[in-house]
file structure_38.txt (compact mmCIF, C-alpha atoms and all ligand atoms)
# COMPACT_ATOMS: atom_id res chain seq x y z
CA MET M 1 14.47 7.34 -11.42
CA SER M 2 11.11 8.37 -10.06
CA ILE M 3 10.81 10.47 -6.90
CA TRP M 4 8.38 7.78 -5.68
CA PHE M 5 11.29 5.39 -5.03
CA LEU M 6 12.63 7.87 -2.51
CA LEU M 7 9.21 8.60 -0.96
CA ASN M 8 8.44 4.87 -0.63
CA ALA M 9 11.84 4.20 0.96
CA LEU M 10 11.27 7.01 3.47
CA LEU M 11 7.81 5.71 4.39
CA LEU M 12 9.28 2.21 4.80
CA LEU M 13 12.01 3.53 7.13
CA TRP M 14 9.38 5.39 9.15
CA ALA M 15 7.29 2.22 9.44
CA ILE M 16 10.30 0.21 10.62
CA TRP M 17 11.10 2.92 13.18
CA ASN M 18 7.52 3.02 14.56
CA VAL M 19 7.21 -0.76 14.62
CA SER M 20 10.53 -1.15 16.49
CA LEU M 21 9.44 1.42 19.06
CA GLY M 22 6.05 -0.29 19.41
CA ILE M 23 7.50 -3.78 19.76
CA SER M 24 10.07 -2.70 22.34
CA SER M 25 7.37 -1.21 24.58
CA TYR M 26 4.74 -3.97 24.59
CA SER M 27 4.67 -7.54 25.81
CA SER M 28 2.13 -8.53 23.15
CA TYR M 29 2.70 -7.10 19.70
CA ILE M 30 0.93 -9.34 17.21
CA HIS M 31 -1.44 -6.43 16.42
CA ILE M 32 1.56 -4.30 15.40
CA LEU M 33 3.13 -7.06 13.29
CA LEU M 34 -0.18 -7.53 11.41
CA GLY M 35 -0.23 -3.80 10.60
CA PHE M 36 3.40 -3.98 9.49
CA ALA M 37 2.72 -7.00 7.25
CA GLY M 38 -0.18 -5.15 5.60
CA PHE M 39 2.02 -2.12 5.13
CA LEU M 40 4.88 -4.14 3.55
CA LEU M 41 2.50 -5.74 1.03
CA PHE M 42 1.01 -2.33 0.22
CA ILE M 43 4.38 -0.63 -0.32
CA PHE M 44 5.54 -3.53 -2.52
CA ASN M 45 2.53 -3.04 -4.81
CA TRP M 46 2.77 0.73 -4.71
CA THR M 47 6.38 0.56 -5.93
CA ARG M 48 4.86 -0.56 -9.25
CA ASN M 49 3.93 3.10 -9.65
CA ALA M 50 7.58 4.14 -9.19
CA VAL M 51 8.71 1.52 -11.72
CA PHE M 52 6.06 2.56 -14.26
CA SER M 53 6.97 6.24 -14.04
CA THR M 54 10.64 5.37 -14.40
CA ILE M 55 9.81 3.38 -17.55
CA ARG M 56 7.89 6.34 -18.97
CA ASN M 57 10.85 8.69 -18.37
CA ALA M 58 13.69 6.26 -19.12
CA LYS M 59 16.21 7.75 -21.54
CA THR M 60 17.58 4.60 -23.14
CA ARG M 61 15.62 1.80 -24.75
CA HIS M 62 17.75 -0.71 -22.90
CA ALA M 63 16.63 0.65 -19.51
CA LYS M 64 12.96 0.66 -20.61
CA VAL M 65 13.10 -2.97 -21.76
CA ARG M 66 14.85 -4.12 -18.59
CA LEU M 67 12.29 -2.46 -16.28
CA ALA M 68 9.34 -3.59 -18.39
CA ARG M 69 10.57 -7.22 -18.20
CA MET M 70 10.89 -7.00 -14.44
CA SER M 71 7.43 -5.50 -14.07
CA LYS M 72 5.94 -8.23 -16.29
CA GLN M 73 7.39 -10.93 -14.05
CA ILE M 74 5.77 -9.41 -10.99
CA ARG M 75 2.41 -8.78 -12.67
CA PRO M 76 0.74 -12.15 -11.83
CA TYR M 77 1.46 -11.62 -8.12
CA HIS M 78 0.21 -8.03 -7.98
CA ARG M 79 -3.47 -8.90 -7.44
CA TRP M 80 -2.74 -11.44 -4.69
CA VAL M 81 -0.23 -9.21 -2.91
CA GLY M 82 -2.82 -6.38 -2.92
CA SER M 83 -5.64 -8.64 -1.70
CA SER M 84 -3.43 -10.09 1.05
CA ALA M 85 -2.53 -6.56 2.15
CA LEU M 86 -6.22 -5.93 2.72
CA VAL M 87 -6.62 -9.18 4.69
CA MET M 88 -3.63 -8.30 6.93
CA VAL M 89 -4.92 -4.79 7.55
CA VAL M 90 -8.40 -6.07 8.44
CA LEU M 91 -6.85 -8.56 10.89
CA HIS M 92 -4.72 -5.72 12.31
CA GLY M 93 -7.86 -3.59 12.72
CA LEU M 94 -9.77 -6.44 14.40
CA ALA M 95 -6.87 -7.09 16.82
CA ILE M 96 -6.77 -3.36 17.66
CA ILE M 97 -10.54 -3.20 18.23
CA HIS M 98 -10.28 -6.26 20.45
CA LEU M 99 -7.55 -4.50 22.49
CA TYR M 100 -8.79 -0.90 22.64
CA GLY M 101 -12.39 -0.95 21.39
CA PHE M 102 -13.70 0.88 18.32
CA ASP M 103 -12.87 4.34 19.66
CA LEU M 104 -12.93 6.80 16.75
CA THR M 105 -11.91 9.71 19.01
CA ASN M 106 -8.48 8.03 19.13
CA MET M 107 -6.65 9.55 16.13
CA LYS M 108 -4.59 6.40 15.55
CA ILE M 109 -7.77 4.34 15.28
CA LEU M 110 -9.60 6.95 13.20
CA THR M 111 -6.76 7.35 10.67
CA GLY M 112 -6.25 3.58 10.51
CA PHE M 113 -9.95 3.10 9.90
CA LEU M 114 -9.94 5.66 7.07
CA ALA M 115 -6.83 4.07 5.54
CA SER M 116 -8.45 0.65 5.60
CA LEU M 117 -11.61 2.00 3.89
CA ASN M 118 -9.35 3.49 1.21
CA MET M 119 -7.55 0.15 0.86
CA MET M 120 -10.88 -1.65 0.38
CA VAL M 121 -11.84 0.63 -2.54
CA LEU M 122 -8.29 0.40 -3.94
CA VAL M 123 -8.43 -3.41 -4.01
CA LEU M 124 -11.98 -3.37 -5.46
CA SER M 125 -10.88 -0.93 -8.18
CA GLY M 126 -7.99 -3.31 -8.98
CA TRP M 127 -10.30 -6.31 -9.42
CA TYR M 128 -12.77 -4.18 -11.39
CA ARG M 129 -9.95 -3.05 -13.66
CA LEU M 130 -8.72 -6.61 -14.16
CA LEU M 131 -12.05 -8.37 -14.67
CA ILE M 132 -14.52 -5.81 -16.01
CA ASP M 133 -13.18 -2.52 -17.35
CA PRO M 134 -9.49 -1.75 -17.97
CA ARG M 135 -10.14 1.73 -19.43
CA ILE M 136 -8.05 4.80 -18.59
CA ARG M 137 -10.68 6.19 -16.17
CA ILE M 138 -10.38 3.17 -13.87
CA ARG M 139 -6.61 3.14 -14.29
CA LYS M 140 -6.45 6.73 -13.06
CA LEU M 141 -8.80 5.91 -10.19
CA HIS M 142 -6.58 2.95 -9.17
CA ILE M 143 -3.48 5.17 -9.14
CA ARG M 144 -5.19 8.05 -7.28
CA LEU M 145 -6.42 5.63 -4.63
CA GLY M 146 -2.80 4.47 -4.31
CA ILE M 147 -1.67 8.06 -3.73
CA SER M 148 -4.39 8.77 -1.15
CA MET M 149 -3.50 5.47 0.52
CA PHE M 150 0.13 6.59 0.78
CA ILE M 151 -0.94 9.88 2.40
CA LEU M 152 -3.39 8.24 4.83
CA VAL M 153 -0.80 5.70 5.94
CA ALA M 154 1.70 8.53 6.56
CA ILE M 155 -0.94 10.31 8.70
CA HIS M 156 -1.63 7.00 10.53
CA PHE M 157 2.10 6.79 11.40
CA LEU M 158 2.10 10.38 12.64
CA PHE M 159 -0.15 9.75 15.64
C1 LIG U 1 -4.12 0.47 5.64
C2 LIG U 1 -4.40 0.31 6.86
C3 LIG U 1 -3.41 0.22 7.99
C4 LIG U 1 -2.03 0.11 7.99
C5 LIG U 1 -1.09 -0.01 6.78
C6 LIG U 1 -1.61 0.10 9.37
C7 LIG U 1 -0.31 -0.03 9.80
C8 LIG U 1 0.10 0.08 11.11
C9 LIG U 1 1.44 -0.09 11.59
C10 LIG U 1 2.64 -0.45 10.71
C11 LIG U 1 1.44 0.11 12.94
C12 LIG U 1 2.63 0.01 13.89
C13 LIG U 1 3.45 1.27 13.89
C14 LIG U 1 2.82 2.46 14.54
O1 LIG U 1 2.42 2.38 15.71
O2 LIG U 1 2.71 3.50 13.85
C15 LIG U 1 0.08 0.44 13.32
C16 LIG U 1 -0.32 0.74 14.61
C17 LIG U 1 -1.62 0.95 14.99
N1 LIG U 1 -2.75 0.88 14.18
FE1 LIG U 1 -2.73 0.56 12.20
N2 LIG U 1 -2.73 0.20 10.18
C18 LIG U 1 -3.84 0.25 9.37
C19 LIG U 1 -5.16 0.26 9.77
C20 LIG U 1 -5.59 0.38 11.07
C21 LIG U 1 -6.95 0.26 11.55
C22 LIG U 1 -8.15 -0.15 10.67
C23 LIG U 1 -6.95 0.54 12.89
C24 LIG U 1 -8.09 0.58 13.87
C25 LIG U 1 -9.22 0.00 13.77
C26 LIG U 1 -5.59 0.80 13.26
C27 LIG U 1 -5.16 1.14 14.54
C28 LIG U 1 -3.86 1.15 14.96
C29 LIG U 1 -3.44 1.43 16.33
C30 LIG U 1 -4.34 1.77 17.51
C31 LIG U 1 -2.05 1.29 16.34
C32 LIG U 1 -1.12 1.48 17.56
C33 LIG U 1 -0.95 0.17 18.24
C34 LIG U 1 -0.34 0.32 19.59
O3 LIG U 1 0.54 1.18 19.76
O4 LIG U 1 -0.76 -0.45 20.48
N3 LIG U 1 -4.77 0.67 12.15
N4 LIG U 1 -0.72 0.40 12.20
C1 LIG U 2 -2.25 -2.62 -2.16
C2 LIG U 2 -3.06 -2.56 -3.16
C3 LIG U 2 -2.68 -2.11 -4.57
C4 LIG U 2 -1.85 -1.11 -4.97
C5 LIG U 2 -1.06 -0.14 -4.10
C6 LIG U 2 -1.86 -1.12 -6.43
C7 LIG U 2 -1.13 -0.27 -7.23
C8 LIG U 2 -1.01 -0.38 -8.61
C9 LIG U 2 -0.13 0.41 -9.44
C10 LIG U 2 0.77 1.51 -8.93
C11 LIG U 2 -0.29 0.01 -10.73
C12 LIG U 2 0.40 0.54 -11.96
C13 LIG U 2 -0.28 1.80 -12.33
C14 LIG U 2 -0.34 2.09 -13.78
O1 LIG U 2 -1.20 1.52 -14.45
O2 LIG U 2 0.45 2.93 -14.21
C15 LIG U 2 -1.29 -1.04 -10.74
C16 LIG U 2 -1.73 -1.70 -11.85
C17 LIG U 2 -2.72 -2.67 -11.85
N1 LIG U 2 -3.36 -3.18 -10.74
FE1 LIG U 2 -3.05 -2.62 -8.82
N2 LIG U 2 -2.71 -2.13 -6.87
C18 LIG U 2 -3.22 -2.76 -5.76
C19 LIG U 2 -4.07 -3.84 -5.75
C20 LIG U 2 -4.60 -4.44 -6.87
C21 LIG U 2 -5.50 -5.57 -6.85
C22 LIG U 2 -6.03 -6.28 -5.60
C23 LIG U 2 -5.78 -5.87 -8.12
C24 LIG U 2 -6.70 -7.00 -8.50
C25 LIG U 2 -6.77 -7.55 -9.63
C26 LIG U 2 -5.05 -4.93 -8.99
C27 LIG U 2 -5.08 -4.89 -10.38
C28 LIG U 2 -4.27 -4.12 -11.18
C29 LIG U 2 -4.22 -4.22 -12.63
C30 LIG U 2 -5.09 -5.15 -13.49
C31 LIG U 2 -3.25 -3.31 -13.05
C32 LIG U 2 -2.84 -3.04 -14.53
C33 LIG U 2 -2.00 -4.10 -15.08
C34 LIG U 2 -0.61 -4.07 -14.54
O3 LIG U 2 0.06 -3.07 -14.70
O4 LIG U 2 -0.19 -5.06 -13.94
N3 LIG U 2 -4.34 -4.08 -8.17
N4 LIG U 2 -1.71 -1.26 -9.43
call {"tool": "encode", "arguments": {"input": "structure_38.txt", "output": "structure tokens"}}
result
Amino acid sequence: MSIWFLLNALLLLWAIWNVSLGISSYSSYIHILLGFAGFLLFIFNWTRNAVFSTIRNAKTRHAKVRLARMSKQIRPYHRWVGSSALVMVVLHGLAIIHLYGFDLTNMKILTGFLASLNMMVLVLSGWYRLLIDPRIRIRKLHIRLGISMFILVAIHFLF
């Protein structure tokens, strides 16, 4: 099992906690639900990383084959889940800007903005990898952007 399963589960719990607090204290919360939807789609795709590292470290052939089959079934959806995550996050950002204005001195808005820029490059790197160049360099870039995305989202939740 990869440590990423645990980290992803913890981030998911944190998101649920923050969203519940947010929803219970506002009368209008569509902006929060949009952020949550984007987050759920992101964490679903990012769990591919946990599955892949588990495959690499799996002790028995049986476990490897089982995980590889599962990951193959999800593969066709990966690109659309990732692209929809970006759409949700952009809608979340637009709803926030409509509510509070584009105030980059607000840490929540600044960190969200940085996370959404990261997400844009992550999704672009995915399409580039799929359509133009699948070499190891782009693969590494795609994974590193996933890691920095994870960190930025955690910082976004902190404020
Ligand atoms: C990858 C990008 C993003 C993700 C995954 C995301 C996710 C979330 C989630 C789940 C929440 C609700 C929980 C909480 O309050 O911590 C939230 C709240 C918030 N987000 Fe984002 N967000 C992203 C991008 C953005 C952007 C681009 C902005 C600003 C332009 C932004 C500004 C905010 C603000 C201000 C709140 C607090 C809402 C309130 O309490 O009224 N976020 N975000
Ligand atoms: C939320 C956004 C995304 C995240 C977190 C994400 C994450 C990942 C991860 C963790 C892997 C496996 C890493 C490895 O090769 O070991 C992967 C593979 C891949 N991703 Fe993404 N990705 C995202 C969006 C996209 C998008 C929009 C595309 C568009 C085509 C894409 C295309 C690919 C391709 C072609 C692979 C390699 C083939 C495969 O394993 O399915 N990704 N991605």
call {"tool": "residues_near_ligand", "arguments": {"input": "structure_38.txt", "ligand": "ligand LIG 1 (chain U)", "cutoff": "6 Å", "atoms": "all atoms listed in the file", "output": "list in words"}}
result
Ala15, Asn18, Val19, Gly22, Ile32, Gly35, Phe36, Gly38, Phe39, Val89, Gly93, Ile96, Ile97, Lys108, Ile109, Gly112, Phe113, Ala115, Ser116, Met119, Val153 and Phe157 of chain M
call {"tool": "closest_residue", "arguments": {"input": "structure_38.txt", "among": "M:Asn106, M:Ala95, M:Ala50, M:Gly82", "to": "M:Leu124", "atoms": "only C-alpha atoms"}}
result
M:Gly82
call {"tool": "atom_distance", "arguments": {"input": "structure_38.txt", "atom1": "atom CA of M:Ser2", "atom2": "atom CA of M:Thr54"}}
result
5.3 Å
call {"tool": "residues_near_ligand", "arguments": {"input": "structure_38.txt", "ligand": "ligand LIG 2 (chain U)", "cutoff": "8 Å", "atoms": "only C-alpha atoms and all ligand atoms", "output": "number ranges by chain"}}
result
M: 41-50, 52-53, 71-72, 74-76, 78-83, 85-86, 119, 122-131, 134, 139-140, 142-143, 145-146, 149
call {"tool": "atom_distance", "arguments": {"input": "structure_38.txt", "atom1": "atom CA of M:Ala63", "atom2": "atom CA of M:Leu11"}}
result
26.0 Å
call {"tool": "build_atoms", "arguments": {"input": "structure_38.txt", "residues": "stretch 17-46 of chain M", "atoms": "N, CA and C atoms", "output": "JSON list (two decimals), keeping the file's coordinate frame"}}
result
[["chain", "number", "residue", "atom", "x", "y", "z"],
["M", 17, "TRP", "N", 10.82, 2.16, 11.96],
["M", 17, "TRP", "CA", 11.10, 2.92, 13.18],
["M", 17, "TRP", "C", 9.94, 2.79, 14.17],
["M", 18, "ASN", "N", 8.71, 3.09, 13.69],
["M", 18, "ASN", "CA", 7.52, 3.02, 14.56],
["M", 18, "ASN", "C", 7.30, 1.61, 15.09],
["M", 19, "VAL", "N", 7.45, 0.62, 14.21],
["M", 19, "VAL", "CA", 7.21, -0.76, 14.62],
["M", 19, "VAL", "C", 8.24, -1.17, 15.68],
["M", 20, "SER", "N", 9.51, -0.79, 15.50],
["M", 20, "SER", "CA", 10.53, -1.15, 16.49],
["M", 20, "SER", "C", 10.21, -0.51, 17.83],
["M", 21, "LEU", "N", 9.80, 0.76, 17.80],
["M", 21, "LEU", "CA", 9.44, 1.42, 19.06],
["M", 21, "LEU", "C", 8.27, 0.70, 19.72],
["M", 22, "GLY", "N", 7.25, 0.37, 18.89],
["M", 22, "GLY", "CA", 6.05, -0.29, 19.41],
["M", 22, "GLY", "C", 6.39, -1.63, 20.03],
["M", 23, "ILE", "N", 7.19, -2.43, 19.29],
["M", 23, "ILE", "CA", 7.50, -3.78, 19.76],
["M", 23, "ILE", "C", 8.32, -3.74, 21.05],
["M", 24, "SER", "N", 9.22, -2.74, 21.15],
["M", 24, "SER", "CA", 10.07, -2.70, 22.34],
["M", 24, "SER", "C", 9.29, -2.25, 23.58],
["M", 25, "SER", "N", 8.08, -1.69, 23.39],
["M", 25, "SER", "CA", 7.37, -1.21, 24.58],
["M", 25, "SER", "C", 6.13, -2.02, 24.95],
["M", 26, "TYR", "N", 5.90, -3.14, 24.25],
["M", 26, "TYR", "CA", 4.74, -3.97, 24.59],
["M", 26, "TYR", "C", 5.17, -5.40, 24.85],
["M", 27, "SER", "N", 4.37, -6.12, 25.64],
["M", 27, "SER", "CA", 4.67, -7.54, 25.81],
["M", 27, "SER", "C", 3.96, -8.35, 24.73],
["M", 28, "SER", "N", 2.80, -7.82, 24.25],
["M", 28, "SER", "CA", 2.13, -8.53, 23.15],
["M", 28, "SER", "C", 2.10, -7.58, 21.96],
["M", 29, "TYR", "N", 2.60, -8.04, 20.81],
["M", 29, "TYR", "CA", 2.70, -7.10, 19.70],
["M", 29, "TYR", "C", 2.22, -7.68, 18.38],
["M", 30, "ILE", "N", 1.41, -8.74, 18.45],
["M", 30, "ILE", "CA", 0.93, -9.34, 17.21],
["M", 30, "ILE", "C", 0.10, -8.33, 16.40],
["M", 31, "HIS", "N", -0.64, -7.43, 17.12],
["M", 31, "HIS", "CA", -1.44, -6.43, 16.42],
["M", 31, "HIS", "C", -0.56, -5.49, 15.60],
["M", 32, "ILE", "N", 0.64, -5.19, 16.11],
["M", 32, "ILE", "CA", 1.56, -4.30, 15.40],
["M", 32, "ILE", "C", 2.16, -5.03, 14.19],
["M", 33, "LEU", "N", 2.53, -6.30, 14.40],
["M", 33, "LEU", "CA", 3.13, -7.06, 13.29],
["M", 33, "LEU", "C", 2.14, -7.24, 12.14],
["M", 34, "LEU", "N", 0.84, -7.40, 12.47],
["M", 34, "LEU", "CA", -0.18, -7.53, 11.41],
["M", 34, "LEU", "C", -0.26, -6.24, 10.60],
["M", 35, "GLY", "N", -0.21, -5.09, 11.29],
["M", 35, "GLY", "CA", -0.23, -3.80, 10.60],
["M", 35, "GLY", "C", 0.99, -3.65, 9.72],
["M", 36, "PHE", "N", 2.14, -4.10, 10.23],
["M", 36, "PHE", "CA", 3.40, -3.98, 9.49],
["M", 36, "PHE", "C", 3.36, -4.88, 8.24],
["M", 37, "ALA", "N", 2.82, -6.09, 8.40],
["M", 37, "ALA", "CA", 2.72, -7.00, 7.25],
["M", 37, "ALA", "C", 1.85, -6.38, 6.16],
["M", 38, "GLY", "N", 0.70, -5.81, 6.57],
["M", 38, "GLY", "CA", -0.18, -5.15, 5.60],
["M", 38, "GLY", "C", 0.53, -4.01, 4.92],
["M", 39, "PHE", "N", 1.30, -3.25, 5.70],
["M", 39, "PHE", "CA", 2.02, -2.12, 5.13],
["M", 39, "PHE", "C", 3.07, -2.59, 4.11],
["M", 40, "LEU", "N", 3.82, -3.65, 4.45],
["M", 40, "LEU", "CA", 4.88, -4.14, 3.55],
["M", 40, "LEU", "C", 4.27, -4.58, 2.20],
["M", 41, "LEU", "N", 3.13, -5.28, 2.27],
["M", 41, "LEU", "CA", 2.50, -5.74, 1.03],
["M", 41, "LEU", "C", 2.02, -4.54, 0.21],
["M", 42, "PHE", "N", 1.46, -3.53, 0.92],
["M", 42, "PHE", "CA", 1.01, -2.33, 0.22],
["M", 42, "PHE", "C", 2.17, -1.63, -0.49],
["M", 43, "ILE", "N", 3.28, -1.43, 0.24],
["M", 43, "ILE", "CA", 4.38, -0.63, -0.32],
["M", 43, "ILE", "C", 5.04, -1.39, -1.48],
["M", 44, "PHE", "N", 5.03, -2.73, -1.41],
["M", 44, "PHE", "CA", 5.54, -3.53, -2.52],
["M", 44, "PHE", "C", 4.72, -3.24, -3.78],
["M", 45, "ASN", "N", 3.39, -3.28, -3.65],
["M", 45, "ASN", "CA", 2.53, -3.04, -4.81],
["M", 45, "ASN", "C", 2.62, -1.59, -5.30],
["M", 46, "TRP", "N", 2.75, -0.69, -4.35],
["M", 46, "TRP", "CA", 2.77, 0.73, -4.71],
["M", 46, "TRP", "C", 4.06, 1.09, -5.46]]
